[in-house]
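Worksheet for the structure shown next.
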Amino acid sequence: MYQYTENDQTLIDERVAQFKRQTENYFKGELTEDEYRALRLRNGVYIQTHAPLLRVAGPYGLLNSKQVRKLAHIARTYDKNYCHFTTRQNIQFNWPKLELVPEILAELATVQMHAIQTSGNCMRNTTSDHLAGVAVDEIADPRPYCEIIRQWTTLHPEFDYLPRKFKIAVSGALNDRAATQFHDIGLHLVKNAEGEVGFKVFVGGGLGRTPIIGLVIKPFLEQKHLLSYLEAILRIYNLFGRRDNKYKARIKILVKETGLDKFTKLVDAEWEYLRADNELSAERVEAMQAHFASPAYDVKADSDTTFAEHKANDKAFATWLAHNTAEHKVPGYSAVFISLKAPDMPPGDITDVQLDAVADLADEYSFGEVRATHRQNLILADVKQADLYTVWQKLAALQLATPNIGTATDMICCPGLDFCSLANAGSIGVAKEINEALDDLDYIHDIGDLKINMSGCMNGCAHQSVGHIGILGVDKKGAEWYQITLGGSSENNAAIGERLGPAVAKHEITEAITTILDVYIKNRLEDETFLAAVNRLGITPFKERVYANN
Amino acid sequence: MQIIKDTTIVNNSWKFIADDEDLSAGDITVSLARWQQDREALIAHSGNVGLRLKSNDNVADFADDLAHIKLIELNFADFADGRSFSQAWLLRGRFNYQDEIRAVGHYLPEQVFYLSRVGVNAYATDKPTDLALIMNNLNDFTVKYQASIN
Ligand code: HEM
Ligand code: SF4
């Protein structure tokens, strides 16, 4: 994983000093509310329903054990003993005191962490595949490119006051696990006929109020042109993106209103001027790749036999293995999912005690590294099969082994009315209720691969429009109602969910979801996933049953 | 009025000419519309001429005239309107403009480090107390991650 140089450290230390001054000047009345707002957002600070919210960057989801322990310490010292992993691999604290945020940021800086550009109308944290570097379907490791992009975006002087926020995601695998087609820029690592790695570039994707699937603007961008091409897109967006209406300010609207052809011409014309100067050298890429070299894997890891014994003898362990581990490129290793979707915890939340324990597990069993996934779980990416049984037992003791990864109860859910001032409706409570209704693991496993995403308002923080089942909180005369969509996907077959019908009332939402699942079970073909069944059947059979009594 | 130019505090010697106002002697600033309308007269003007740019003005529209223009003011109506940053970059990076680029209006002293990096070298402010703050904030960072103008 990337280790800071002296320069990196200086940069974040100087940023802490700058924000400390800005915060002091705000309290002295020298910065207006509006002015300070823009500055604090660029340091991860929102002001929410109850308190400020601090969003800390998890660079493309990678954390080391020391950083995880620091998060635990911050949760304990400055917050209510927990924090929250977001869908963009970041970490949120819900209860810090504004005047203490500079101090928290100084603490984070001691472990090479920061909250720079995690909110505000600027370039945000670059996200990526949580299985980067270990996935069996990988074309090339996206992490070195992510770090190069992280550095390029961080404190970029020209693009810090964009029309709206700007998010970049990178995938290096055949299967997109980073929702790249729903980002302002999505990059897929691809190889050309000569076997050279380059990028397929998507632009103009996004979720939120107007979900749009990104379009291919460049089928193959040579590696050396990565930064000049990003610069060209950003300059065109900065100059021509709409600033008159914040709901039309994302690049997706610019691309849509301009048309892809014309937009491409604008970008290419800009790029013509830049491409010769700003080349990314092969040496720089190689030096960055060295930071992400494989750890010292045990070449005999797959000769262990205890694993097969445990699997044969312990059904609960076998179930967990089937759901909460992923295949690893090295024989004898697995990537282990740490489920942050225990039935009685809000999705994505984790306590200080759990964080400390996860850090210990990472040190002992996974080369000291932890990753955050975009579905709000964690991963130990490099666990030897001989250790899986112990790791499972330890995770189970921490309530972190619910065998539900990729299933109905592995929901993405935003904070909703509980914490968010923009919310129309609660989401955590509904997630809990659905969880309770689906508390039979065999039933959930029988349903299989299912992504339920739920947001408390149309800003869509929890990606409801790309959930296989999407639930969107709406306000109807002050009451909480829920709009359901079916058939969304943020993977390779990117799709936006179709509306099932009128919104349902709060007391009906859980039953509506269980009814939908029932229709699936009655109609599915052998081995047909929920998403495939919706695509084959259309929404009518689901609609008929859900609204049967109206 | 005092301004900061090239990290020293100096007196502003430029006179603001409104669009409906006659040109007067000495160094003057005009809007882009005025420049386009009275281009010949302004080129013949005895003093220096500066341009006041709004954030939605297109730099390419007057790029051929830059040799005649000795000051460009980037006028911030709103500090969050980042187009001015790209205008400065284009002036320096694309059109090789070497004379003064000045930030004017409602930008924040907190933004001057970024402004300096995209090629702004002068800062006007209505608040005399901001001068010291701007001087200080120009040194917010000693390191940088990416190429720009500076
Ligand atoms: C509680 C405070 C929060 C507030 C006030 C908030 C606000 C917003 C707003 C206004 C948008 C729409 C922006 C737009 O589309 O232009 C948005 C989108 C989004 N938020 Fe949040 N959010 C909050 C919490 C969260 C959390 C906890 C997560 C992660 C689970 C999250 C992840 C996202 C994502 C992924 C998007 C969609 C990005 C896109 O449009 O491409 N937000 N948020
Ligand atoms: S989706 Fe709406 S309610 Fe949920 S966190 Fe985002 S802004 Fe708040």
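By order in the structure tokens, chains are A, B, ...; within a chain, residues start at 1; ligands start at 1, following the order shown.
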Could I get the residue neighbourhood of ligand 2 at 7 Å, counting only C-alpha atoms and all ligand atoms, as a tab-separated table (two decimals) with N, CA and C atoms, in the first residue's frame?
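The result, stored in selection.tsv:
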chain	number	residue	atom	x	y	z
A	414	CYS	N	-28.69	4.81	3.48
A	414	CYS	CA	-28.12	6.10	3.89
A	414	CYS	C	-28.59	6.41	5.31
A	415	PRO	N	-28.10	7.47	5.92
A	415	PRO	CA	-28.51	7.77	7.30
A	415	PRO	C	-29.97	8.21	7.44
A	416	GLY	N	-30.54	8.72	6.33
A	416	GLY	CA	-31.96	9.09	6.36
A	416	GLY	C	-32.30	10.08	7.45
A	417	LEU	N	-33.57	10.06	7.84
A	417	LEU	CA	-34.08	11.05	8.80
A	417	LEU	C	-33.32	11.06	10.12
A	420	CYS	N	-29.82	13.00	8.74
A	420	CYS	CA	-29.63	13.86	7.58
A	420	CYS	C	-30.75	14.89	7.47
A	421	SER	N	-30.35	16.15	7.33
A	421	SER	CA	-31.36	17.21	7.30
A	421	SER	C	-32.10	17.28	5.97
A	422	LEU	N	-31.61	16.57	4.97
A	422	LEU	CA	-32.29	16.60	3.67
A	422	LEU	C	-33.33	15.49	3.53
A	423	ALA	N	-33.34	14.57	4.48
A	423	ALA	CA	-34.15	13.36	4.34
A	423	ALA	C	-35.65	13.64	4.29
A	424	ASN	N	-36.35	12.85	3.48
A	424	ASN	CA	-37.81	12.84	3.49
A	424	ASN	C	-38.35	11.76	4.40
A	425	ALA	N	-37.55	10.74	4.58
A	425	ALA	CA	-38.04	9.57	5.29
A	425	ALA	C	-36.89	8.84	5.96
A	455	SER	N	-32.45	4.84	0.01
A	455	SER	CA	-32.09	6.23	0.33
A	455	SER	C	-33.29	6.96	0.91
A	456	GLY	N	-33.00	7.91	1.80
A	456	GLY	CA	-34.05	8.67	2.46
A	456	GLY	C	-34.57	9.85	1.66
A	457	CYS	N	-33.96	10.13	0.51
A	457	CYS	CA	-34.49	11.18	-0.37
A	457	CYS	C	-33.87	11.03	-1.75
A	458	MET	N	-34.33	11.83	-2.69
A	458	MET	CA	-33.92	11.64	-4.07
A	458	MET	C	-32.47	12.00	-4.37
A	459	ASN	N	-31.73	12.53	-3.38
A	459	ASN	CA	-30.30	12.72	-3.62
A	459	ASN	C	-29.60	11.39	-3.86
A	460	GLY	N	-30.21	10.34	-3.33
A	460	GLY	CA	-29.76	9.01	-3.71
A	460	GLY	C	-28.41	8.59	-3.20
A	461	CYS	N	-28.08	8.99	-1.99
A	461	CYS	CA	-26.77	8.64	-1.44
A	461	CYS	C	-26.55	7.13	-1.39
A	462	ALA	N	-27.60	6.37	-1.25
A	462	ALA	CA	-27.44	4.93	-1.12
A	462	ALA	C	-27.72	4.20	-2.43
For the interface of chain B with chain A (cut-off 10 Å, counting only C-alpha atoms), please tabulate each contacting residue of chain B alongside its nearest pair of atoms and their separation in Å to one decimal, rows sorted by chain and increasing number, as JSON lines.
{"residue": "B:Ser55", "atom": "CA", "partner": "A:Leu239", "partner_atom": "CA", "distance": 8.9}
{"residue": "B:Asn56", "atom": "CA", "partner": "A:Leu239", "partner_atom": "CA", "distance": 8.0}
{"residue": "B:Asp57", "atom": "CA", "partner": "A:Leu239", "partner_atom": "CA", "distance": 9.9}
{"residue": "B:Asn58", "atom": "CA", "partner": "A:Leu239", "partner_atom": "CA", "distance": 9.1}
{"residue": "B:Phe79", "atom": "CA", "partner": "A:Glu35", "partner_atom": "CA", "distance": 8.2}
{"residue": "B:Ala80", "atom": "CA", "partner": "A:Tyr161", "partner_atom": "CA", "distance": 5.6}
{"residue": "B:Asp81", "atom": "CA", "partner": "A:Tyr161", "partner_atom": "CA", "distance": 6.3}
{"residue": "B:Gly82", "atom": "CA", "partner": "A:Tyr161", "partner_atom": "CA", "distance": 4.5}
{"residue": "B:Arg83", "atom": "CA", "partner": "A:Leu239", "partner_atom": "CA", "distance": 5.3}
{"residue": "B:Ser84", "atom": "CA", "partner": "A:Leu239", "partner_atom": "CA", "distance": 8.6}
{"residue": "B:Phe85", "atom": "CA", "partner": "A:Glu158", "partner_atom": "CA", "distance": 5.2}
{"residue": "B:Ser86", "atom": "CA", "partner": "A:Glu158", "partner_atom": "CA", "distance": 6.0}
{"residue": "B:Gln87", "atom": "CA", "partner": "A:Leu239", "partner_atom": "CA", "distance": 8.3}
{"residue": "B:Ala88", "atom": "CA", "partner": "A:Glu158", "partner_atom": "CA", "distance": 8.9}
{"residue": "B:Trp89", "atom": "CA", "partner": "A:Glu158", "partner_atom": "CA", "distance": 7.6}
{"residue": "B:Leu90", "atom": "CA", "partner": "A:Arg235", "partner_atom": "CA", "distance": 9.6}
{"residue": "B:Gly93", "atom": "CA", "partner": "A:Leu274", "partner_atom": "CA", "distance": 9.6}
{"residue": "B:Arg94", "atom": "CA", "partner": "A:Tyr273", "partner_atom": "CA", "distance": 7.8}
{"residue": "B:Tyr107", "atom": "CA", "partner": "A:Glu35", "partner_atom": "CA", "distance": 9.7}
{"residue": "B:Leu108", "atom": "CA", "partner": "A:Glu35", "partner_atom": "CA", "distance": 7.9}
{"residue": "B:Glu110", "atom": "CA", "partner": "A:Gln22", "partner_atom": "CA", "distance": 7.9}
{"residue": "B:Gln111", "atom": "CA", "partner": "A:Pro157", "partner_atom": "CA", "distance": 9.0}
{"residue": "B:Val112", "atom": "CA", "partner": "A:Pro157", "partner_atom": "CA", "distance": 9.7}
{"residue": "B:Phe113", "atom": "CA", "partner": "A:Pro157", "partner_atom": "CA", "distance": 7.9}
{"residue": "B:Tyr114", "atom": "CA", "partner": "A:Pro157", "partner_atom": "CA", "distance": 4.4}
{"residue": "B:Leu115", "atom": "CA", "partner": "A:Pro157", "partner_atom": "CA", "distance": 7.0}
{"residue": "B:Ser116", "atom": "CA", "partner": "A:Pro157", "partner_atom": "CA", "distance": 8.6}
{"residue": "B:Arg117", "atom": "CA", "partner": "A:Pro157", "partner_atom": "CA", "distance": 6.3}
{"residue": "B:Val118", "atom": "CA", "partner": "A:Glu158", "partner_atom": "CA", "distance": 6.4}
{"residue": "B:Asn137", "atom": "CA", "partner": "A:Gln18", "partner_atom": "CA", "distance": 8.5}
{"residue": "B:Asn139", "atom": "CA", "partner": "A:Glu14", "partner_atom": "CA", "distance": 9.8}
{"residue": "B:Asp140", "atom": "CA", "partner": "A:Gln18", "partner_atom": "CA", "distance": 6.7}
{"residue": "B:Phe141", "atom": "CA", "partner": "A:Glu14", "partner_atom": "CA", "distance": 6.0}
{"residue": "B:Thr142", "atom": "CA", "partner": "A:Leu11", "partner_atom": "CA", "distance": 7.5}
{"residue": "B:Val143", "atom": "CA", "partner": "A:Leu11", "partner_atom": "CA", "distance": 6.0}
{"residue": "B:Lys144", "atom": "CA", "partner": "A:Leu11", "partner_atom": "CA", "distance": 7.3}
{"residue": "B:Tyr145", "atom": "CA", "partner": "A:Gln151", "partner_atom": "CA", "distance": 5.6}
{"residue": "B:Gln146", "atom": "CA", "partner": "A:Trp152", "partner_atom": "CA", "distance": 5.3}
{"residue": "B:Ala147", "atom": "CA", "partner": "A:Asn278", "partner_atom": "CA", "distance": 8.2}
{"residue": "B:Ser148", "atom": "CA", "partner": "A:Pro157", "partner_atom": "CA", "distance": 7.6}
{"residue": "B:Ile149", "atom": "CA", "partner": "A:Pro157", "partner_atom": "CA", "distance": 9.6}
{"residue": "B:Asn150", "atom": "CA", "partner": "A:Pro157", "partner_atom": "CA", "distance": 9.9}
Let me have all residues with an atom within 8 Å of ligand 1, counting only C-alpha atoms and all ligand atoms, laid out as a compact mmCIF listing (two decimals) with N, CA, C and O atoms, in the first residue's frame.
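File produced: out_37.txt:
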# COMPACT_ATOMS: atom_id res chain seq x y z
N TYR A 46 -19.61 18.43 7.13
CA TYR A 46 -20.99 18.84 6.88
C TYR A 46 -21.58 19.28 8.21
O TYR A 46 -21.15 18.80 9.26
N ILE A 47 -22.58 20.13 8.18
CA ILE A 47 -23.33 20.34 9.43
C ILE A 47 -24.67 19.65 9.24
O ILE A 47 -25.40 19.97 8.30
N GLN A 48 -24.97 18.71 10.10
CA GLN A 48 -26.17 17.89 9.94
C GLN A 48 -27.20 18.12 11.03
O GLN A 48 -27.04 18.96 11.89
N LEU A 53 -20.80 16.52 10.76
CA LEU A 53 -20.46 15.17 10.32
C LEU A 53 -19.10 15.28 9.66
O LEU A 53 -18.88 16.20 8.87
N HIS A 84 -18.94 5.17 10.55
CA HIS A 84 -19.77 4.63 9.46
C HIS A 84 -18.95 4.56 8.18
O HIS A 84 -18.30 5.54 7.81
N PHE A 85 -18.96 3.41 7.53
CA PHE A 85 -18.31 3.29 6.22
C PHE A 85 -19.32 3.61 5.12
O PHE A 85 -20.43 3.06 5.12
N THR A 86 -18.93 4.49 4.19
CA THR A 86 -19.86 4.96 3.16
C THR A 86 -19.72 4.16 1.87
O THR A 86 -18.81 3.34 1.73
N THR A 87 -20.59 4.45 0.93
CA THR A 87 -20.56 3.76 -0.36
C THR A 87 -19.40 4.21 -1.24
O THR A 87 -19.21 3.68 -2.32
N ARG A 88 -18.68 5.25 -0.80
CA ARG A 88 -17.51 5.63 -1.58
C ARG A 88 -16.25 5.38 -0.77
O ARG A 88 -15.29 6.11 -0.84
N ASN A 90 -15.34 5.78 2.11
CA ASN A 90 -14.91 6.75 3.11
C ASN A 90 -15.45 6.37 4.49
O ASN A 90 -16.25 5.45 4.62
N GLN A 92 -17.28 7.97 8.02
CA GLN A 92 -17.94 9.14 8.58
C GLN A 92 -18.09 9.05 10.09
O GLN A 92 -18.44 8.01 10.63
N ARG A 164 -20.05 21.48 -9.55
CA ARG A 164 -20.63 20.52 -8.61
C ARG A 164 -19.55 19.50 -8.28
O ARG A 164 -18.49 19.49 -8.89
N LYS A 165 -19.87 18.59 -7.35
CA LYS A 165 -18.89 17.57 -7.00
C LYS A 165 -18.52 16.70 -8.19
O LYS A 165 -19.30 16.56 -9.14
N LYS A 167 -16.64 12.91 -9.20
CA LYS A 167 -16.17 11.64 -8.65
C LYS A 167 -15.57 10.75 -9.73
O LYS A 167 -16.16 10.61 -10.80
N PHE A 182 -21.39 4.79 -13.09
CA PHE A 182 -22.21 5.79 -12.41
C PHE A 182 -21.33 6.84 -11.75
O PHE A 182 -21.67 7.40 -10.72
N HIS A 183 -20.19 7.11 -12.36
CA HIS A 183 -19.30 8.16 -11.86
C HIS A 183 -19.14 9.25 -12.93
O HIS A 183 -19.40 9.02 -14.09
N ASP A 184 -18.71 10.41 -12.47
CA ASP A 184 -18.49 11.51 -13.42
C ASP A 184 -17.46 11.08 -14.46
O ASP A 184 -17.63 11.33 -15.64
N GLY A 205 -21.54 9.74 -16.09
CA GLY A 205 -22.43 8.90 -15.29
C GLY A 205 -22.70 9.57 -13.96
O GLY A 205 -21.99 10.48 -13.55
N GLY A 206 -23.76 9.13 -13.28
CA GLY A 206 -24.00 9.69 -11.96
C GLY A 206 -25.29 9.16 -11.40
O GLY A 206 -26.16 8.69 -12.14
N LEU A 207 -25.41 9.26 -10.08
CA LEU A 207 -26.64 8.83 -9.43
C LEU A 207 -27.41 10.08 -9.04
O LEU A 207 -27.56 10.98 -9.82
N GLY A 208 -27.90 10.10 -7.82
CA GLY A 208 -28.62 11.31 -7.41
C GLY A 208 -29.97 11.43 -8.08
O GLY A 208 -30.59 10.45 -8.47
N ARG A 209 -30.41 12.69 -8.22
CA ARG A 209 -31.76 12.96 -8.73
C ARG A 209 -32.00 12.45 -10.13
O ARG A 209 -33.11 12.09 -10.49
N THR A 210 -30.97 12.57 -10.97
CA THR A 210 -31.12 12.19 -12.36
C THR A 210 -30.08 11.11 -12.64
O THR A 210 -28.99 11.41 -13.08
N PRO A 211 -30.39 9.86 -12.35
CA PRO A 211 -29.38 8.83 -12.57
C PRO A 211 -29.12 8.65 -14.06
O PRO A 211 -30.06 8.58 -14.86
N LYS A 246 -28.21 24.14 -9.35
CA LYS A 246 -27.35 23.11 -8.80
C LYS A 246 -27.83 21.70 -9.14
O LYS A 246 -27.06 20.76 -9.09
N TYR A 247 -29.08 21.58 -9.51
CA TYR A 247 -29.57 20.26 -9.90
C TYR A 247 -29.20 19.91 -11.34
O TYR A 247 -29.44 18.81 -11.80
N ALA A 249 -26.03 20.83 -12.48
CA ALA A 249 -24.63 21.25 -12.54
C ALA A 249 -23.64 20.11 -12.69
O ALA A 249 -22.47 20.35 -12.97
N ARG A 250 -24.09 18.88 -12.52
CA ARG A 250 -23.15 17.76 -12.67
C ARG A 250 -22.74 17.62 -14.13
O ARG A 250 -23.47 18.00 -15.04
N GLY A 348 -23.25 -0.49 7.63
CA GLY A 348 -22.02 0.28 7.48
C GLY A 348 -21.43 0.80 8.78
O GLY A 348 -20.32 1.30 8.80
N GLN A 376 -20.36 -1.05 1.65
CA GLN A 376 -20.28 -0.75 3.08
C GLN A 376 -19.94 -1.95 3.95
O GLN A 376 -20.46 -2.10 5.05
N ILE A 412 -27.56 -1.53 1.19
CA ILE A 412 -26.93 -0.21 1.31
C ILE A 412 -28.02 0.74 1.77
O ILE A 412 -29.14 0.72 1.26
N CYS A 413 -27.68 1.56 2.73
CA CYS A 413 -28.71 2.39 3.33
C CYS A 413 -28.07 3.69 3.79
O CYS A 413 -27.00 3.69 4.37
N CYS A 414 -28.69 4.81 3.48
CA CYS A 414 -28.12 6.10 3.89
C CYS A 414 -28.59 6.41 5.31
O CYS A 414 -29.42 5.70 5.86
N PRO A 415 -28.10 7.47 5.92
CA PRO A 415 -28.51 7.77 7.30
C PRO A 415 -29.97 8.21 7.44
O PRO A 415 -30.55 8.12 8.52
N GLY A 416 -30.54 8.72 6.33
CA GLY A 416 -31.96 9.09 6.36
C GLY A 416 -32.30 10.08 7.45
O GLY A 416 -31.45 10.82 7.94
N PHE A 419 -30.18 11.14 10.75
CA PHE A 419 -29.03 12.04 10.83
C PHE A 419 -29.01 13.13 9.77
O PHE A 419 -28.22 14.05 9.86
N CYS A 420 -29.82 13.00 8.74
CA CYS A 420 -29.63 13.86 7.58
C CYS A 420 -30.75 14.89 7.47
O CYS A 420 -31.93 14.54 7.47
N SER A 421 -30.35 16.15 7.33
CA SER A 421 -31.36 17.21 7.30
C SER A 421 -32.10 17.28 5.97
O SER A 421 -33.10 17.96 5.86
N LEU A 422 -31.61 16.57 4.97
CA LEU A 422 -32.29 16.60 3.67
C LEU A 422 -33.33 15.49 3.53
O LEU A 422 -34.07 15.43 2.57
N MET A 458 -34.33 11.83 -2.69
CA MET A 458 -33.92 11.64 -4.07
C MET A 458 -32.47 12.00 -4.37
O MET A 458 -31.99 11.77 -5.48
N ASN A 459 -31.73 12.53 -3.38
CA ASN A 459 -30.30 12.72 -3.62
C ASN A 459 -29.60 11.39 -3.86
O ASN A 459 -28.53 11.34 -4.44
N GLY A 460 -30.21 10.34 -3.33
CA GLY A 460 -29.76 9.01 -3.71
C GLY A 460 -28.41 8.59 -3.20
O GLY A 460 -27.67 7.88 -3.87
N CYS A 461 -28.08 8.99 -1.99
CA CYS A 461 -26.77 8.64 -1.44
C CYS A 461 -26.55 7.13 -1.39
O CYS A 461 -25.42 6.67 -1.44
N ALA A 462 -27.60 6.37 -1.25
CA ALA A 462 -27.44 4.93 -1.12
C ALA A 462 -27.72 4.20 -2.43
O ALA A 462 -27.97 3.00 -2.43
N HIS A 463 -27.65 4.94 -3.54
CA HIS A 463 -27.69 4.29 -4.87
C HIS A 463 -28.96 3.50 -5.12
O HIS A 463 -28.93 2.47 -5.80
> In Å to one decimal, how far is atom CA of Thr129 of chain B from atom CA of Met1 of chain B?
Replying inline: 12.2 Å
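Interatomic distance, atom CA of Lys70 of chain A against atom CA of Thr110 of chain A: 9.1 Å.
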>> Which of segment 120-356 of chain A end up as alpha helix (DSSP H) when DSSP is run on this backbone - answer as a PyMOL selection string?
In response: chain A and resi 143-153+226-240+251-258+260-274+282-291+306-313+315-324+352-356
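Note that atom CA of Ser171 of chain A and atom CA of Glu286 of chain A are 18.4 Å apart.
Among the candidates A:His130, A:Arg143, A:Lys256, A:Lys191, the one nearest to Arg177 of chain A when counting only C-alpha atoms is A:His130.
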> How would you write, as an MDAnalysis selection string, the set of residues in chain B that DSSP gives as strand (DSSP E)?
Replying inline: chainID B and resid 2:5 8:11 15:16 28:31 49:53 69:76 100:105 122:124
>> Need to verify the contact set: segment 98-102 of chain A, 7 Å, only C-alpha atoms, exclusion of same-chain residues closer than 6 positions in sequence. Can you return it as a PyMOL selection string?
In response: chain A and resi 16+19-20+52
>> Just want the 12 Å neighbourhood of Ser46 of chain B, counted on only C-alpha atoms, with same-chain residues fewer than 2 positions away dropped. Output as a PyMOL selection string.
In response: chain B and resi 23-28+41-44+48-49+68
> Got a sec: who's within 9 Å of Leu340 of chain A, counting only C-alpha atoms, leaving out chain neighbours fewer than 4 positions off, as a PyMOL selection string?
Replying inline: chain A and resi 85+345-350+376-378+399-402+410
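Every protein, DNA or RNA residue with an atom at most 9 Å from Leu51 of chain B, where only C-alpha atoms count and chain neighbours fewer than 5 positions away do not, is listed here: Ile28, Thr29, Val30, Ser31, Leu32, Trp35, Ile69, Lys70, Leu71, Ile72, Glu73 and Leu74 of chain B.
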